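Participant: I'd like to ask some things about the structure below.
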Amino acid sequence: MLECAIHAPTGDDVFGEDPTVLDLEAYAADLFGKERALFVPTGTMGNLVAILAHCHGRASEIIIGSGSHICLYEGGNAANLGGVHTRQIPENEIDGTLSIEDVRDLYRSDDDDHYAQTALVCIENTHNLMGGVAIPKKYVDDLGEVARDELKIPLHIDGARIFNAAVAHELSVSDLCAGADSVSFCLSKGLGAPLGSVLVGGTEFIRLAKRARKRCGGGMRQAGVVASMGIYALEHNVERLAEDHARATWLSRELTSQGFFLPRGGQVDTNVIYFGLPEDSLVGPEEFEERLLSEYGVRISGGYSRKGFKGALFRVVTHMDVDNEGVERAAEGIVNICKDGTERMM
């Protein structure tokens, strides 16, 4: 990957003259079966410029999940930077979807002066907070059909980990996302590039998104250096995501067998696991997190909420830098600390 960066031909991407960025964008558009693509620095910017492009007019609103990354973890940028109102629907906690009937119910046209006009519906695949749930193609197709044909609005997928979903469903991303008008995806995370995301969609949509990227400060000059690493990631690191999924499944089974609470009955679709401490744990959440890092070198994040577990869940994500030995050590530390080292895993 670093060799690709060293030897990448570059130009000025602000003027559309970086050949490596153009190669990445063409490759991504082809992978997803969309007309055009746009390279952006981050996934958060990818989602924001998608919203700004779809909501090009004023007085717009979007329908999103109340547990989505766009809703919770992107600084409220749709509202405070884009001037776009959000209407939020709680996701199904088992499959991470929005009720299509709820989407229909929340939709508002521009025939009433009291309302903002619904201009977009967004879903997340895989869904982070729902535990890396891989939303299936049929749902994407069904929601996309309702959005476009009935409500006359586009469907955007926050696909930060869309390749995890595609691998889990054994589909190409073009097939999985055929029902969506636009998709953003990260080149980092499981794919292993150091930074960067790509937004794919129609030609006019990408034109507007590029204008929005400039307003957001996302225009980069010799960006081919990092774009080349994104190309490498797409060419070499997609199929191996199944290894991360297998490790996450193994870890979820180990934790379930030791009395830890896992949402969805311990089912893990991809590489994200949420868990709560067992009822007989001898340590609290704060001590647990600190000791896991200091004694085992395992860093996890805590403070997540699900129904009945306010701020009590921890998140573990498997990725290409964690091998079988690392996952086994994490499991050993998680169990031993909660049991104060008096009972070890077999």
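Labeling convention for the structure tokens: chains A, B, ... as they appear, residues from 1 per chain, ligands from 1 in order of appearance.
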Could you give me, as a VMD selection string, the residues within 9 Å of region 170-174 of chain A, counting only C-alpha atoms and dropping anything in the same chain fewer than 3 positions from it?
Facilitator: chain A and resid 30 to 34 137 162 to 163 165 to 167 177 to 178
Participant: Using N, CA, C and O atoms, can you write the selected residues to a file as a PDB file, in the first residue's frame?
Facilitator:
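The resulting out.pdb:
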ATOM      1  N   ASP A  30     -17.756   2.134 -11.065  1.00  0.00           N
ATOM      2  CA  ASP A  30     -17.974   0.865 -11.752  1.00  0.00           C
ATOM      3  C   ASP A  30     -18.329  -0.245 -10.771  1.00  0.00           C
ATOM      4  O   ASP A  30     -19.227  -1.068 -11.039  1.00  0.00           O
ATOM      5  N   LEU A  31     -17.642  -0.293  -9.628  1.00  0.00           N
ATOM      6  CA  LEU A  31     -17.934  -1.315  -8.625  1.00  0.00           C
ATOM      7  C   LEU A  31     -19.393  -1.258  -8.165  1.00  0.00           C
ATOM      8  O   LEU A  31     -20.023  -2.301  -7.947  1.00  0.00           O
ATOM      9  N   PHE A  32     -19.916  -0.055  -8.027  1.00  0.00           N
ATOM     10  CA  PHE A  32     -21.267   0.117  -7.496  1.00  0.00           C
ATOM     11  C   PHE A  32     -22.328   0.237  -8.590  1.00  0.00           C
ATOM     12  O   PHE A  32     -23.513   0.352  -8.283  1.00  0.00           O
ATOM     13  N   GLY A  33     -21.919   0.226  -9.844  1.00  0.00           N
ATOM     14  CA  GLY A  33     -22.880   0.346 -10.924  1.00  0.00           C
ATOM     15  C   GLY A  33     -23.541   1.711 -10.982  1.00  0.00           C
ATOM     16  O   GLY A  33     -24.695   1.832 -11.419  1.00  0.00           O
ATOM     17  N   LYS A  34     -22.819   2.747 -10.550  1.00  0.00           N
ATOM     18  CA  LYS A  34     -23.348   4.119 -10.578  1.00  0.00           C
ATOM     19  C   LYS A  34     -22.591   4.927 -11.642  1.00  0.00           C
ATOM     20  O   LYS A  34     -21.547   4.521 -12.134  1.00  0.00           O
ATOM     21  N   LYS A 137     -30.475  -7.092   0.702  1.00  0.00           N
ATOM     22  CA  LYS A 137     -30.777  -6.458  -0.582  1.00  0.00           C
ATOM     23  C   LYS A 137     -32.277  -6.225  -0.749  1.00  0.00           C
ATOM     24  O   LYS A 137     -32.685  -5.162  -1.245  1.00  0.00           O
ATOM     25  N   ILE A 162     -20.096  -0.876   3.979  1.00  0.00           N
ATOM     26  CA  ILE A 162     -20.960  -1.571   3.018  1.00  0.00           C
ATOM     27  C   ILE A 162     -20.317  -2.831   2.475  1.00  0.00           C
ATOM     28  O   ILE A 162     -21.006  -3.814   2.153  1.00  0.00           O
ATOM     29  N   PHE A 163     -18.986  -2.866   2.397  1.00  0.00           N
ATOM     30  CA  PHE A 163     -18.330  -4.073   1.894  1.00  0.00           C
ATOM     31  C   PHE A 163     -18.461  -5.218   2.899  1.00  0.00           C
ATOM     32  O   PHE A 163     -18.521  -6.388   2.498  1.00  0.00           O
ATOM     33  N   ALA A 165     -21.167  -5.669   4.648  1.00  0.00           N
ATOM     34  CA  ALA A 165     -22.523  -6.154   4.373  1.00  0.00           C
ATOM     35  C   ALA A 165     -22.546  -7.025   3.127  1.00  0.00           C
ATOM     36  O   ALA A 165     -23.185  -8.079   3.092  1.00  0.00           O
ATOM     37  N   ALA A 166     -21.840  -6.590   2.084  1.00  0.00           N
ATOM     38  CA  ALA A 166     -21.812  -7.351   0.835  1.00  0.00           C
ATOM     39  C   ALA A 166     -21.173  -8.719   1.038  1.00  0.00           C
ATOM     40  O   ALA A 166     -21.669  -9.737   0.531  1.00  0.00           O
ATOM     41  N   VAL A 167     -20.074  -8.767   1.788  1.00  0.00           N
ATOM     42  CA  VAL A 167     -19.417 -10.038   2.062  1.00  0.00           C
ATOM     43  C   VAL A 167     -20.333 -10.941   2.890  1.00  0.00           C
ATOM     44  O   VAL A 167     -20.435 -12.151   2.631  1.00  0.00           O
ATOM     45  N   CYS A 177     -26.601  -2.632  -3.554  1.00  0.00           N
ATOM     46  CA  CYS A 177     -26.981  -1.214  -3.507  1.00  0.00           C
ATOM     47  C   CYS A 177     -27.746  -0.759  -4.743  1.00  0.00           C
ATOM     48  O   CYS A 177     -27.910   0.447  -4.964  1.00  0.00           O
ATOM     49  N   ALA A 178     -28.232  -1.696  -5.534  1.00  0.00           N
ATOM     50  CA  ALA A 178     -28.924  -1.324  -6.771  1.00  0.00           C
ATOM     51  C   ALA A 178     -30.148  -0.460  -6.498  1.00  0.00           C
ATOM     52  O   ALA A 178     -30.506   0.402  -7.311  1.00  0.00           O
TER      53      ALA A 178
END
Participant: Looking only at strand (DSSP E) from DSSP on the backbone, list the matching residues of region 289-325 of chain A as a list in words.
Facilitator: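 Those residues are Ser301, Gly302, Gly303, Tyr304, Ser305, Arg306, Phe309, Lys310, Gly311, Ala312, Leu313, Phe314, Arg315, Val316 and Val317 of chain A.
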Participant: Excluding Gly297 (chain A) and any residue of its chain fewer than 3 positions from it, enumerate the residues within 12 Å of it, using only C-alpha atoms, and give them as a ChimeraX atom specification.
Facilitator: /A:289-294,300,326-327,329-334
Participant: Output N, CA, C and O atoms of each residue in that selection to a file, as a tab-separated table (two decimals), in the first residue's frame.
Facilitator:
chain	number	residue	atom	x	y	z
A	289	GLU	N	-12.93	-1.25	31.80
A	289	GLU	CA	-12.31	-0.67	30.61
A	289	GLU	C	-10.85	-0.31	30.87
A	289	GLU	O	-9.97	-0.57	30.04
A	290	GLU	N	-10.58	0.27	32.04
A	290	GLU	CA	-9.21	0.67	32.39
A	290	GLU	C	-8.29	-0.54	32.53
A	290	GLU	O	-7.16	-0.55	32.04
A	291	ARG	N	-8.75	-1.58	33.22
A	291	ARG	CA	-7.91	-2.75	33.45
A	291	ARG	C	-7.68	-3.55	32.17
A	291	ARG	O	-6.60	-4.11	31.96
A	292	LEU	N	-8.68	-3.58	31.32
A	292	LEU	CA	-8.52	-4.32	30.06
A	292	LEU	C	-7.39	-3.72	29.23
A	292	LEU	O	-6.60	-4.44	28.61
A	293	LEU	N	-7.29	-2.40	29.26
A	293	LEU	CA	-6.22	-1.73	28.51
A	293	LEU	C	-4.87	-1.88	29.21
A	293	LEU	O	-3.87	-2.23	28.58
A	294	SER	N	-4.84	-1.65	30.52
A	294	SER	CA	-3.56	-1.65	31.24
A	294	SER	C	-2.98	-3.05	31.42
A	294	SER	O	-1.76	-3.25	31.36
A	300	ILE	N	-11.16	-1.00	24.18
A	300	ILE	CA	-12.53	-1.05	23.71
A	300	ILE	C	-13.21	0.25	24.11
A	300	ILE	O	-12.70	1.01	24.94
A	326	GLY	N	-4.83	-12.30	18.84
A	326	GLY	CA	-5.31	-11.07	19.46
A	326	GLY	C	-6.73	-11.18	19.95
A	326	GLY	O	-7.07	-10.68	21.04
A	327	VAL	N	-7.59	-11.83	19.19
A	327	VAL	CA	-8.99	-12.00	19.61
A	327	VAL	C	-9.06	-12.91	20.83
A	327	VAL	O	-9.84	-12.66	21.77
A	329	ARG	N	-6.76	-13.28	23.09
A	329	ARG	CA	-6.27	-12.53	24.25
A	329	ARG	C	-7.34	-11.56	24.74
A	329	ARG	O	-7.51	-11.37	25.95
A	330	ALA	N	-8.05	-10.93	23.82
A	330	ALA	CA	-9.13	-10.03	24.22
A	330	ALA	C	-10.19	-10.79	25.01
A	330	ALA	O	-10.66	-10.32	26.06
A	331	ALA	N	-10.57	-11.97	24.52
A	331	ALA	CA	-11.57	-12.77	25.23
A	331	ALA	C	-11.09	-13.16	26.62
A	331	ALA	O	-11.84	-13.07	27.61
A	332	GLU	N	-9.83	-13.56	26.71
A	332	GLU	CA	-9.26	-13.94	28.01
A	332	GLU	C	-9.31	-12.76	28.98
A	332	GLU	O	-9.71	-12.91	30.15
A	333	GLY	N	-8.91	-11.59	28.52
A	333	GLY	CA	-8.91	-10.42	29.40
A	333	GLY	C	-10.30	-10.02	29.83
A	333	GLY	O	-10.54	-9.71	31.01
A	334	ILE	N	-11.24	-10.00	28.90
A	334	ILE	CA	-12.62	-9.60	29.22
A	334	ILE	C	-13.19	-10.50	30.30
A	334	ILE	O	-13.77	-10.03	31.29
Participant: Would you give me, as an MDAnalysis selection string, the residues in region 76-264 of chain A that DSSP reads as helix (DSSP H, G or I)?
Facilitator: chainID A and resid 77:80 100:106 137:151 162:169 173:176 189:191 203:215 224:236 241:257 263:264
Participant: Let's have the selection written as an mmCIF file, in the first residue's frame, with C-alpha atoms.
Facilitator:
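Writing done, so here's result-v9.cif:
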data_model
loop_
_atom_site.group_PDB
_atom_site.id
_atom_site.type_symbol
_atom_site.label_atom_id
_atom_site.label_comp_id
_atom_site.auth_asym_id
_atom_site.auth_seq_id
_atom_site.Cartn_x
_atom_site.Cartn_y
_atom_site.Cartn_z
ATOM 1 C CA ASN A 77 -23.996 18.761 10.674
ATOM 2 C CA ALA A 78 -27.063 18.272 8.474
ATOM 3 C CA ALA A 79 -28.800 20.919 10.579
ATOM 4 C CA ASN A 80 -26.050 23.250 11.726
ATOM 5 C CA ILE A 100 -41.336 1.423 5.483
ATOM 6 C CA GLU A 101 -44.767 2.348 6.812
ATOM 7 C CA ASP A 102 -43.134 4.830 9.192
ATOM 8 C CA VAL A 103 -41.218 6.331 6.264
ATOM 9 C CA ARG A 104 -44.494 6.746 4.393
ATOM 10 C CA ASP A 105 -46.091 8.300 7.464
ATOM 11 C CA LEU A 106 -43.290 10.810 8.062
ATOM 12 C CA LYS A 137 -30.777 -6.458 -0.582
ATOM 13 C CA LYS A 138 -34.546 -7.038 -0.595
ATOM 14 C CA TYR A 139 -35.095 -4.353 2.023
ATOM 15 C CA VAL A 140 -32.881 -1.880 0.146
ATOM 16 C CA ASP A 141 -34.775 -2.617 -3.068
ATOM 17 C CA ASP A 142 -38.181 -2.337 -1.395
ATOM 18 C CA LEU A 143 -37.388 0.939 0.375
ATOM 19 C CA GLY A 144 -35.776 2.368 -2.746
ATOM 20 C CA GLU A 145 -38.855 1.543 -4.795
ATOM 21 C CA VAL A 146 -41.176 3.227 -2.296
ATOM 22 C CA ALA A 147 -38.900 6.272 -2.037
ATOM 23 C CA ARG A 148 -38.464 6.833 -5.775
ATOM 24 C CA ASP A 149 -41.712 5.581 -7.296
ATOM 25 C CA GLU A 150 -44.181 6.543 -4.595
ATOM 26 C CA LEU A 151 -42.671 9.401 -2.602
ATOM 27 C CA ILE A 162 -20.960 -1.571 3.018
ATOM 28 C CA PHE A 163 -18.330 -4.073 1.894
ATOM 29 C CA ASN A 164 -18.820 -5.938 5.187
ATOM 30 C CA ALA A 165 -22.523 -6.154 4.373
ATOM 31 C CA ALA A 166 -21.812 -7.351 0.835
ATOM 32 C CA VAL A 167 -19.417 -10.038 2.062
ATOM 33 C CA ALA A 168 -21.909 -11.169 4.710
ATOM 34 C CA HIS A 169 -24.647 -11.531 2.086
ATOM 35 C CA VAL A 173 -21.882 -4.037 -3.753
ATOM 36 C CA SER A 174 -23.528 -3.126 -7.065
ATOM 37 C CA ASP A 175 -26.197 -5.767 -6.521
ATOM 38 C CA LEU A 176 -26.681 -4.960 -2.843
ATOM 39 C CA LYS A 189 -11.986 0.870 8.739
ATOM 40 C CA GLY A 190 -11.980 -2.745 7.539
ATOM 41 C CA LEU A 191 -10.444 -1.976 4.153
ATOM 42 C CA THR A 203 -23.781 12.466 -12.712
ATOM 43 C CA GLU A 204 -25.777 15.516 -11.632
ATOM 44 C CA PHE A 205 -25.790 14.378 -8.015
ATOM 45 C CA ILE A 206 -21.982 14.087 -8.008
ATOM 46 C CA ARG A 207 -21.673 17.522 -9.644
ATOM 47 C CA LEU A 208 -23.655 19.044 -6.778
ATOM 48 C CA ALA A 209 -21.762 16.963 -4.205
ATOM 49 C CA LYS A 210 -18.439 18.238 -5.566
ATOM 50 C CA ARG A 211 -19.656 21.812 -5.132
ATOM 51 C CA ALA A 212 -20.710 20.962 -1.577
ATOM 52 C CA ARG A 213 -17.328 19.327 -0.906
ATOM 53 C CA LYS A 214 -15.650 22.632 -1.731
ATOM 54 C CA ARG A 215 -17.915 24.517 0.694
ATOM 55 C CA GLY A 224 -3.497 10.827 -5.492
ATOM 56 C CA VAL A 225 -1.050 9.850 -2.761
ATOM 57 C CA VAL A 226 -3.897 8.713 -0.513
ATOM 58 C CA ALA A 227 -6.269 7.772 -3.358
ATOM 59 C CA SER A 228 -3.727 5.175 -4.502
ATOM 60 C CA MET A 229 -3.958 3.481 -1.104
ATOM 61 C CA GLY A 230 -7.718 3.455 -1.472
ATOM 62 C CA ILE A 231 -7.415 1.666 -4.813
ATOM 63 C CA TYR A 232 -5.080 -0.878 -3.217
ATOM 64 C CA ALA A 233 -7.580 -1.438 -0.396
ATOM 65 C CA LEU A 234 -10.442 -2.067 -2.824
ATOM 66 C CA GLU A 235 -8.341 -4.455 -4.903
ATOM 67 C CA HIS A 236 -6.809 -6.467 -2.050
ATOM 68 C CA LEU A 241 -13.314 -9.146 5.544
ATOM 69 C CA ALA A 242 -14.810 -12.619 6.016
ATOM 70 C CA GLU A 243 -11.886 -13.356 8.352
ATOM 71 C CA ASP A 244 -12.897 -10.421 10.571
ATOM 72 C CA HIS A 245 -16.477 -11.686 10.598
ATOM 73 C CA ALA A 246 -15.369 -15.166 11.661
ATOM 74 C CA ARG A 247 -13.296 -13.761 14.527
ATOM 75 C CA ALA A 248 -16.177 -11.596 15.707
ATOM 76 C CA THR A 249 -18.523 -14.599 15.632
ATOM 77 C CA TRP A 250 -16.057 -16.663 17.656
ATOM 78 C CA LEU A 251 -15.701 -13.894 20.247
ATOM 79 C CA SER A 252 -19.459 -13.427 20.547
ATOM 80 C CA ARG A 253 -19.908 -17.141 21.276
ATOM 81 C CA GLU A 254 -17.191 -17.098 23.911
ATOM 82 C CA LEU A 255 -18.725 -14.104 25.688
ATOM 83 C CA THR A 256 -22.228 -15.541 25.529
ATOM 84 C CA SER A 257 -21.013 -18.799 27.061
ATOM 85 C CA PRO A 263 -28.014 -7.934 21.923
ATOM 86 C CA ARG A 264 -29.845 -9.947 19.254
#
Participant: At a cut-off of 10 Å, using only C-alpha atoms, what residues contact Arg87 (chain A)? Leave out same-chain residues fewer than 5 positions from it and give the result as a ChimeraX atom specification.
Facilitator: /A:61-66,71,103,106-107,118,121
Participant: Using only C-alpha atoms, which of the listed residues (A:Asp340, A:Phe288, A:Tyr274, A:His54) sits closest to Phe314 (chain A)?
Facilitator: A:Tyr274
Participant: Identify, on the basis of only C-alpha atoms, every residue whose closest approach to Asn128 (chain A) does not exceed 10 Å; exclude the query and any residue fewer than 5 positions from it along the same chain; express the result as a PDB file with C-alpha atoms, in the first residue's frame.
Facilitator:
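result.pdb written:
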ATOM      1  CA  GLY A  67     -29.707   5.386  16.152  1.00  0.00           C
ATOM      2  CA  SER A  68     -27.881   6.140  12.919  1.00  0.00           C
ATOM      3  CA  HIS A  69     -24.390   7.538  12.638  1.00  0.00           C
ATOM      4  CA  GLY A  96     -31.506  -2.357  11.877  1.00  0.00           C
ATOM      5  CA  VAL A 133     -26.224  -5.683  11.203  1.00  0.00           C
ATOM      6  CA  ALA A 134     -25.994  -6.416   7.469  1.00  0.00           C
ATOM      7  CA  ALA A 160     -19.181   3.162   5.819  1.00  0.00           C
ATOM      8  CA  ARG A 161     -18.916  -0.645   6.106  1.00  0.00           C
ATOM      9  CA  ASN A 271     -17.287  -7.463  12.570  1.00  0.00           C
ATOM     10  CA  VAL A 272     -19.024  -5.402  15.278  1.00  0.00           C
ATOM     11  CA  ILE A 273     -19.970  -6.744  18.719  1.00  0.00           C
ATOM     12  CA  TYR A 274     -21.760  -5.008  21.572  1.00  0.00           C
ATOM     13  CA  ARG A 315     -18.180  -2.200  21.570  1.00  0.00           C
ATOM     14  CA  VAL A 317     -14.619  -4.283  16.336  1.00  0.00           C
TER      15      VAL A 317
END
